[in-house]
Every structure is written in C-alpha cells, then in structure tokens.
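Peer 1: Sharing protein_6.tsv here; it has TSV, C-alpha atoms and all ligand atoms.
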chain	number	residue	atom	x	y	z
A	1088	MET	CA	-6.03	-34.36	-39.06
A	1089	LYS	CA	-5.54	-37.14	-36.52
A	1090	ILE	CA	-2.18	-38.83	-36.73
A	1091	VAL	CA	-0.35	-41.34	-34.56
A	1092	LEU	CA	3.43	-41.72	-34.74
A	1093	ILE	CA	5.01	-45.08	-33.97
A	1094	GLY	CA	8.70	-45.94	-33.77
A	1095	ILE	CA	11.48	-46.77	-31.35
A	1096	GLN	CA	13.03	-44.03	-29.27
A	1097	GLY	CA	15.51	-42.17	-31.48
A	1098	ALA	CA	13.48	-42.73	-34.66
A	1099	GLY	CA	12.70	-39.00	-34.89
A	1100	LYS	CA	9.05	-39.03	-33.80
A	1101	SER	CA	9.17	-35.79	-31.83
A	1102	THR	CA	11.09	-33.94	-34.58
A	1103	GLN	CA	8.62	-35.09	-37.24
A	1104	GLY	CA	5.67	-34.66	-34.87
A	1105	ASN	CA	6.49	-31.01	-34.31
A	1106	LYS	CA	6.94	-30.40	-38.04
A	1107	LEU	CA	3.62	-32.12	-38.80
A	1108	SER	CA	1.93	-30.11	-36.07
A	1109	LYS	CA	3.03	-26.86	-37.77
A	1110	LYS	CA	2.06	-28.07	-41.23
A	1111	PHE	CA	-1.43	-29.27	-40.28
A	1112	GLN	CA	-2.06	-26.70	-37.52
A	1113	VAL	CA	-3.00	-29.29	-34.92
A	1114	PRO	CA	-1.28	-29.79	-31.54
A	1115	TYR	CA	1.53	-32.27	-30.95
A	1116	LEU	CA	1.11	-34.48	-27.92
A	1117	SER	CA	3.49	-37.07	-26.46
A	1118	SER	CA	2.31	-39.63	-23.92
A	1119	GLY	CA	5.87	-39.81	-22.55
A	1120	HIS	CA	5.73	-36.07	-21.92
A	1121	ILE	CA	2.37	-36.36	-20.13
A	1122	PHE	CA	3.83	-39.04	-17.84
A	1123	ARG	CA	7.04	-37.09	-17.22
A	1124	GLU	CA	4.96	-34.09	-16.12
A	1125	ILE	CA	3.08	-36.24	-13.60
A	1126	THR	CA	6.38	-37.64	-12.24
A	1127	LYS	CA	7.17	-34.11	-11.03
A	1128	GLU	CA	4.15	-34.16	-8.72
A	1129	LYS	CA	4.82	-35.03	-5.11
A	1130	SER	CA	1.96	-37.51	-4.99
A	1131	LYS	CA	1.82	-41.26	-4.71
A	1132	LEU	CA	1.01	-41.49	-8.43
A	1133	GLY	CA	3.90	-39.12	-9.23
A	1134	ARG	CA	6.44	-41.20	-7.29
A	1135	TRP	CA	5.22	-44.49	-8.72
A	1136	LEU	CA	5.24	-43.17	-12.29
A	1137	LYS	CA	8.75	-41.80	-11.84
A	1138	GLU	CA	10.04	-45.24	-10.96
A	1139	THR	CA	8.22	-46.85	-13.87
A	1140	VAL	CA	9.23	-44.27	-16.48
A	1141	ASN	CA	12.87	-44.14	-15.38
A	1142	SER	CA	13.20	-47.93	-15.52
A	1143	GLY	CA	12.04	-48.01	-19.14
A	1144	ALA	CA	9.09	-50.26	-18.29
A	1145	LEU	CA	5.67	-49.43	-19.67
A	1146	VAL	CA	3.01	-47.82	-17.52
A	1147	PRO	CA	0.19	-50.41	-17.11
A	1148	ASP	CA	-2.57	-50.22	-19.72
A	1149	ASP	CA	-5.40	-49.23	-17.35
A	1150	THR	CA	-3.46	-46.24	-15.96
A	1151	THR	CA	-2.22	-45.23	-19.43
A	1152	LEU	CA	-5.69	-45.39	-20.95
A	1153	GLU	CA	-7.24	-43.39	-18.15
A	1154	ILE	CA	-4.61	-40.64	-18.27
A	1155	VAL	CA	-4.11	-40.34	-22.05
A	1156	LEU	CA	-7.78	-40.66	-23.05
A	1157	THR	CA	-8.79	-38.05	-20.45
A	1158	TYR	CA	-6.11	-35.75	-21.84
A	1159	LEU	CA	-7.38	-36.21	-25.40
A	1160	GLU	CA	-10.84	-35.05	-24.34
A	1161	ARG	CA	-9.51	-31.50	-23.93
A	1162	PRO	CA	-11.07	-29.09	-26.43
A	1163	GLU	CA	-7.73	-28.29	-28.09
A	1164	TYR	CA	-7.54	-31.86	-29.44
A	1165	LYS	CA	-11.04	-31.95	-30.89
A	1166	ALA	CA	-10.06	-30.88	-34.40
A	1167	GLY	CA	-7.02	-33.11	-34.51
A	1168	PHE	CA	-3.63	-34.01	-33.07
A	1169	ILE	CA	-0.25	-35.52	-33.76
A	1170	LEU	CA	0.08	-38.18	-31.10
A	1171	ASP	CA	3.48	-39.67	-30.22
A	1172	GLY	CA	3.93	-42.73	-28.00
A	1173	PHE	CA	0.33	-43.89	-27.75
A	1174	PRO	CA	-1.10	-46.47	-28.40
A	1175	ARG	CA	1.85	-48.68	-27.58
A	1176	THR	CA	0.17	-52.01	-26.83
A	1177	LEU	CA	-2.58	-53.95	-28.58
A	1178	THR	CA	-4.89	-53.40	-25.58
A	1179	GLN	CA	-4.37	-49.63	-25.86
A	1180	ALA	CA	-4.95	-49.69	-29.64
A	1181	GLU	CA	-8.18	-51.65	-29.27
A	1182	ALA	CA	-9.47	-49.34	-26.52
A	1183	PHE	CA	-8.56	-46.22	-28.47
A	1184	ASN	CA	-11.28	-45.45	-30.92
A	1185	GLY	CA	-9.70	-42.29	-32.19
A	1186	SER	CA	-11.04	-42.20	-35.79
A	1187	LEU	CA	-7.45	-41.82	-36.95
A	1188	ASP	CA	-6.51	-40.61	-40.42
A	1189	LYS	CA	-3.09	-42.26	-40.50
A	1190	VAL	CA	-0.65	-44.16	-38.34
A	1191	ILE	CA	2.92	-43.38	-39.32
A	1192	TYR	CA	5.56	-45.94	-38.50
A	1193	ILE	CA	9.01	-44.37	-38.68
A	1194	LYS	CA	11.44	-47.25	-39.06
A	1195	VAL	CA	15.07	-47.14	-37.96
A	1196	SER	CA	17.30	-50.01	-36.84
A	1197	ASP	CA	17.97	-50.51	-33.11
A	1198	LYS	CA	21.64	-49.78	-33.75
A	1199	GLU	CA	20.93	-46.47	-35.48
A	1200	ALA	CA	18.54	-45.40	-32.69
A	1201	LEU	CA	21.05	-46.14	-29.91
A	1202	TRP	CA	23.75	-44.38	-31.89
A	1203	ARG	CA	21.59	-41.28	-32.34
A	1204	ILE	CA	20.56	-41.07	-28.68
A	1205	SER	CA	24.10	-41.60	-27.39
A	1206	GLY	CA	25.16	-38.64	-29.54
A	1207	ARG	CA	22.66	-36.24	-27.98
A	1208	ASP	CA	23.90	-33.79	-25.42
A	1209	ASP	CA	20.51	-33.22	-23.77
A	1210	ILE	CA	20.05	-36.73	-22.34
A	1211	ARG	CA	17.09	-36.96	-19.93
A	1212	GLU	CA	17.07	-38.63	-16.53
A	1213	ASP	CA	15.06	-41.56	-17.92
A	1214	GLU	CA	17.48	-42.14	-20.83
A	1215	THR	CA	19.98	-44.48	-19.23
A	1216	LEU	CA	21.37	-47.20	-21.51
A	1217	HIS	CA	19.43	-49.78	-19.51
A	1218	ALA	CA	16.13	-47.90	-19.95
A	1219	LEU	CA	16.77	-47.35	-23.66
A	1220	ARG	CA	17.49	-51.04	-24.29
A	1221	GLN	CA	14.42	-51.98	-22.26
A	1222	ARG	CA	12.18	-49.63	-24.32
A	1223	ILE	CA	13.58	-50.97	-27.59
A	1224	SER	CA	13.02	-54.57	-26.58
A	1225	LEU	CA	9.49	-53.76	-25.37
A	1226	PHE	CA	8.84	-52.09	-28.71
A	1227	HIS	CA	9.56	-55.32	-30.59
A	1228	GLU	CA	7.57	-57.38	-28.13
A	1229	VAL	CA	4.44	-55.30	-27.52
A	1230	THR	CA	4.34	-52.42	-30.03
A	1231	GLU	CA	5.06	-54.36	-33.23
A	1232	PRO	CA	1.64	-56.05	-32.88
A	1233	VAL	CA	0.15	-52.51	-32.89
A	1234	VAL	CA	1.90	-51.89	-36.23
A	1235	THR	CA	0.32	-55.08	-37.61
A	1236	TYR	CA	-3.07	-54.06	-36.19
A	1237	TYR	CA	-3.09	-50.74	-38.05
A	1238	ARG	CA	-1.66	-52.32	-41.21
A	1239	GLN	CA	-4.66	-54.66	-41.26
A	1240	LYS	CA	-6.95	-51.67	-40.80
A	1241	ASP	CA	-5.29	-50.02	-43.80
A	1242	LYS	CA	-4.18	-47.02	-41.74
A	1243	LEU	CA	-0.46	-47.71	-41.70
A	1244	VAL	CA	2.17	-45.70	-43.52
A	1245	GLU	CA	5.73	-47.07	-43.26
A	1246	ILE	CA	8.55	-44.59	-43.58
A	1247	ASN	CA	12.28	-45.18	-43.82
A	1248	GLY	CA	13.55	-43.13	-40.88
A	1249	GLU	CA	17.19	-43.48	-41.88
A	1250	GLN	CA	17.13	-40.46	-44.17
A	1251	SER	CA	17.61	-36.77	-43.47
A	1252	VAL	CA	14.96	-34.97	-41.38
A	1253	GLU	CA	13.64	-33.23	-44.51
A	1254	GLU	CA	13.53	-36.44	-46.55
A	1255	VAL	CA	11.61	-38.24	-43.81
A	1256	PHE	CA	9.21	-35.32	-43.55
A	1257	GLN	CA	8.66	-35.23	-47.32
A	1258	SER	CA	8.02	-39.00	-47.42
A	1259	ILE	CA	5.41	-38.61	-44.68
A	1260	ILE	CA	3.66	-35.76	-46.48
A	1261	ASP	CA	3.71	-37.63	-49.82
A	1262	ASN	CA	2.21	-40.69	-48.17
A	1263	ILE	CA	-0.47	-38.81	-46.26
A	1264	GLN	CA	-1.61	-36.95	-49.34
A	1265	SER	CA	-1.55	-39.93	-51.73
B	1	LIG	P1	8.59	-41.99	-24.38
B	1	LIG	O1	8.97	-40.57	-24.13
B	1	LIG	O2	7.51	-42.14	-25.41
B	1	LIG	O3	9.77	-42.87	-24.67
B	1	LIG	O4	7.95	-42.52	-23.02
B	1	LIG	C1	8.70	-42.54	-21.83
B	1	LIG	C2	8.09	-43.52	-20.85
B	1	LIG	O5	6.72	-43.14	-20.59
B	1	LIG	C3	8.00	-44.96	-21.33
B	1	LIG	O6	9.19	-45.66	-21.08
B	1	LIG	C4	6.86	-45.49	-20.46
B	1	LIG	O7	7.29	-45.73	-19.14
B	1	LIG	C5	5.91	-44.32	-20.44
B	1	LIG	N1	4.94	-44.36	-21.55
B	1	LIG	C6	4.78	-43.44	-22.54
B	1	LIG	N2	3.77	-43.78	-23.36
B	1	LIG	C7	3.27	-44.95	-22.89
B	1	LIG	C8	2.22	-45.81	-23.31
B	1	LIG	N3	1.48	-45.55	-24.40
B	1	LIG	N4	1.99	-46.92	-22.58
B	1	LIG	C9	2.72	-47.21	-21.49
B	1	LIG	N5	3.73	-46.44	-21.04
B	1	LIG	C10	4.01	-45.32	-21.72
Turn this file's structure into structure tokens for me.
Ligand code: AMP
Peer 2:
Amino acid sequence: MKIVLIGIQGAGKSTQGNKLSKKFQVPYLSSGHIFREITKEKSKLGRWLKETVNSGALVPDDTTLEIVLTYLERPEYKAGFILDGFPRTLTQAEAFNGSLDKVIYIKVSDKEALWRISGRDDIREDETLHALRQRISLFHEVTEPVVTYYRQKDKLVEINGEQSVEEVFQSIIDNIQS
C-alpha cells in the first residue's frame, strides 16, 4: 500500500499516518522529520536546512527531491509506505513517479489548525506562529495545485478532518477500500 497524506499542519496527518501504518503494516515516513534529522548535523547542509525549516519556508525542490527520493529507495519502503509532507509542490509531484494507491487530503480550516497547534504542549522549535502562518499560506499557494493534480489523476480522496480521530480514520479506511 502506497499512500500520500496531504493537509496543512495541524490537520492530523501524523496521527492518521501512524494509525494507517499499523493497519497496513507499512512504514510511516514524514519528509519534515527527515529534514529535522539533517538539521541536527553539524554540516553546511545541516545549518542551511535548520534556517529554512525553522523559518517555515519550503526546502527547494531539487534538494527535497534528492533527499526524499533517495530515502524512499531504502528496502523497507519497497512494499509500501505512508508518506506525510511530500510531494508538496507540483514540480515534486511530477518528478515523483511513486505508483501511488491513494492520495489522502485531510481538510481542516486554517483557523482550526492554528487553534489545535496552539493547544499542544509539545511545541517544536520550528513551530513559531510566524512559521506556522508561513506554512499555511504556502500550502494554499503551492500545495493546493498538487491536490488538483492528483484529483485529475483520480487518486485523490478528500476527508473532512474536523471530526474525531476515530471518525477521520474510519472515513479514510472506507474511502480506501471502496
Ligand atoms: P512538516 O513537518 O511537514 O511541516 O515540515 C517541516 C518543514 O520541512 C517545512 O516547513 C519545510 O521547510 C520542510 N519540508 C518538509 N517537506 C517538504 C517538502 N516536500 N518540500 C519542501 N520542504 C519540505
């Protein structure tokens, strides 16, 4: 099972991604997590990525494609994956020929997402209000075209993310299996 999760930060992608990973017995992978790991390295790339990630800007497409596609070549992702945060631009979607089963778009309003994140008590270093607003506005600008792209390819499943965790999960399962 190869699934991509799309949605603004706070939509519940990692919660649902981990549940889907258990259900389908394939690993969950987040591009944001891959980048955050590299930011810990004391290298030029590490320092540059830290600045980019913390600002809420997107990592340029060429760097993202090189890092994420190399990662996906690992044997543990051969049978499938639940991928969160990639592809995020049309260029990435076009370059990613991942023979995907489904692309799940978890929809919540900007207001609901900001509300949810501000209520968390495990806020990360890159989750300043400025960075969050920047990511949400970039989502509308550059990731919504990715949603349209997969809708045209008949891969898209749209889920109302403003339900309970279990209701969202059940909607995803019902839609995948229909
Ligand atoms: P996330 O945890 O998905 O919100 O990602 C955190 C940060 O990692 C983003 O703000 C970007 O700087 C970077 N990032 C993650 N995925 C991508 C991607 N597909 N393309 C570009 N930048 C990304």
Peer 1: How big is the axis-aligned box, and where does its centre sit, when it encloses all atoms of ligand LIG 1 (chain B) listed in the file and has 6 Å added on every side, reported in Å to one decimal as JSON?
Peer 2:
{"center_x": 5.6, "center_y": -43.9, "center_z": -22.3, "size_x": 20.3, "size_y": 18.6, "size_z": 18.3}
Peer 1: Env of stretch 1142-1152 of chain A: 12 Å cut, atoms = only C-alpha atoms, seq-sep filter 6 positions within chain, self excluded. Answer as a ChimeraX atom specification.
Peer 2: /A:1096,1118-1119,1121-1123,1125-1126,1132,1135-1136,1158-1159,1172-1184,1212-1226,1228-1230
Peer 1: With C-alpha atoms retained, could you export that selection as a tab-separated table (two decimals), in the coordinates of the input?
Peer 2:
chain	number	residue	atom	x	y	z
A	1096	GLN	CA	13.03	-44.03	-29.27
A	1118	SER	CA	2.31	-39.63	-23.92
A	1119	GLY	CA	5.87	-39.81	-22.55
A	1121	ILE	CA	2.37	-36.36	-20.13
A	1122	PHE	CA	3.83	-39.04	-17.84
A	1123	ARG	CA	7.04	-37.09	-17.22
A	1125	ILE	CA	3.08	-36.24	-13.60
A	1126	THR	CA	6.38	-37.64	-12.24
A	1132	LEU	CA	1.01	-41.49	-8.43
A	1135	TRP	CA	5.22	-44.49	-8.72
A	1136	LEU	CA	5.24	-43.17	-12.29
A	1158	TYR	CA	-6.11	-35.75	-21.84
A	1159	LEU	CA	-7.38	-36.21	-25.40
A	1172	GLY	CA	3.93	-42.73	-28.00
A	1173	PHE	CA	0.33	-43.89	-27.75
A	1174	PRO	CA	-1.10	-46.47	-28.40
A	1175	ARG	CA	1.85	-48.68	-27.58
A	1176	THR	CA	0.17	-52.01	-26.83
A	1177	LEU	CA	-2.58	-53.95	-28.58
A	1178	THR	CA	-4.89	-53.40	-25.58
A	1179	GLN	CA	-4.37	-49.63	-25.86
A	1180	ALA	CA	-4.95	-49.69	-29.64
A	1181	GLU	CA	-8.18	-51.65	-29.27
A	1182	ALA	CA	-9.47	-49.34	-26.52
A	1183	PHE	CA	-8.56	-46.22	-28.47
A	1184	ASN	CA	-11.28	-45.45	-30.92
A	1212	GLU	CA	17.07	-38.63	-16.53
A	1213	ASP	CA	15.06	-41.56	-17.92
A	1214	GLU	CA	17.48	-42.14	-20.83
A	1215	THR	CA	19.98	-44.48	-19.23
A	1216	LEU	CA	21.37	-47.20	-21.51
A	1217	HIS	CA	19.43	-49.78	-19.51
A	1218	ALA	CA	16.13	-47.90	-19.95
A	1219	LEU	CA	16.77	-47.35	-23.66
A	1220	ARG	CA	17.49	-51.04	-24.29
A	1221	GLN	CA	14.42	-51.98	-22.26
A	1222	ARG	CA	12.18	-49.63	-24.32
A	1223	ILE	CA	13.58	-50.97	-27.59
A	1224	SER	CA	13.02	-54.57	-26.58
A	1225	LEU	CA	9.49	-53.76	-25.37
A	1226	PHE	CA	8.84	-52.09	-28.71
A	1228	GLU	CA	7.57	-57.38	-28.13
A	1229	VAL	CA	4.44	-55.30	-27.52
A	1230	THR	CA	4.34	-52.42	-30.03
Peer 1: Quick one: contact table of stretch 1130-1207 of chain A to stretch 1235-1247 of chain A, 7 Å max, nearest atom pair and distance in Å to one decimal per residue, counting only C-alpha atoms, chain and number order, as JSON lines?
Peer 2:
{"residue": "A:Asp1188", "atom": "CA", "partner": "A:Lys1242", "partner_atom": "CA", "distance": 6.9}
{"residue": "A:Lys1189", "atom": "CA", "partner": "A:Lys1242", "partner_atom": "CA", "distance": 5.0}
{"residue": "A:Val1190", "atom": "CA", "partner": "A:Leu1243", "partner_atom": "CA", "distance": 4.9}
{"residue": "A:Ile1191", "atom": "CA", "partner": "A:Val1244", "partner_atom": "CA", "distance": 4.9}
{"residue": "A:Tyr1192", "atom": "CA", "partner": "A:Glu1245", "partner_atom": "CA", "distance": 4.9}
{"residue": "A:Ile1193", "atom": "CA", "partner": "A:Ile1246", "partner_atom": "CA", "distance": 4.9}
{"residue": "A:Lys1194", "atom": "CA", "partner": "A:Asn1247", "partner_atom": "CA", "distance": 5.3}
{"residue": "A:Val1195", "atom": "CA", "partner": "A:Asn1247", "partner_atom": "CA", "distance": 6.8}
Peer 1: In Å, rounded to a single decimal, give me how far atom CA of A:Arg1211 is from atom CA of A:Ile1259.
Peer 2: 27.4 Å
Peer 1: Between A:Lys1100, A:His1227, A:Arg1203, A:His1120, single out the one closest to A:Phe1256, counting only C-alpha atoms.
Peer 2: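 Counting only C-alpha atoms, the residue closest to A:Phe1256 is A:Lys1100.
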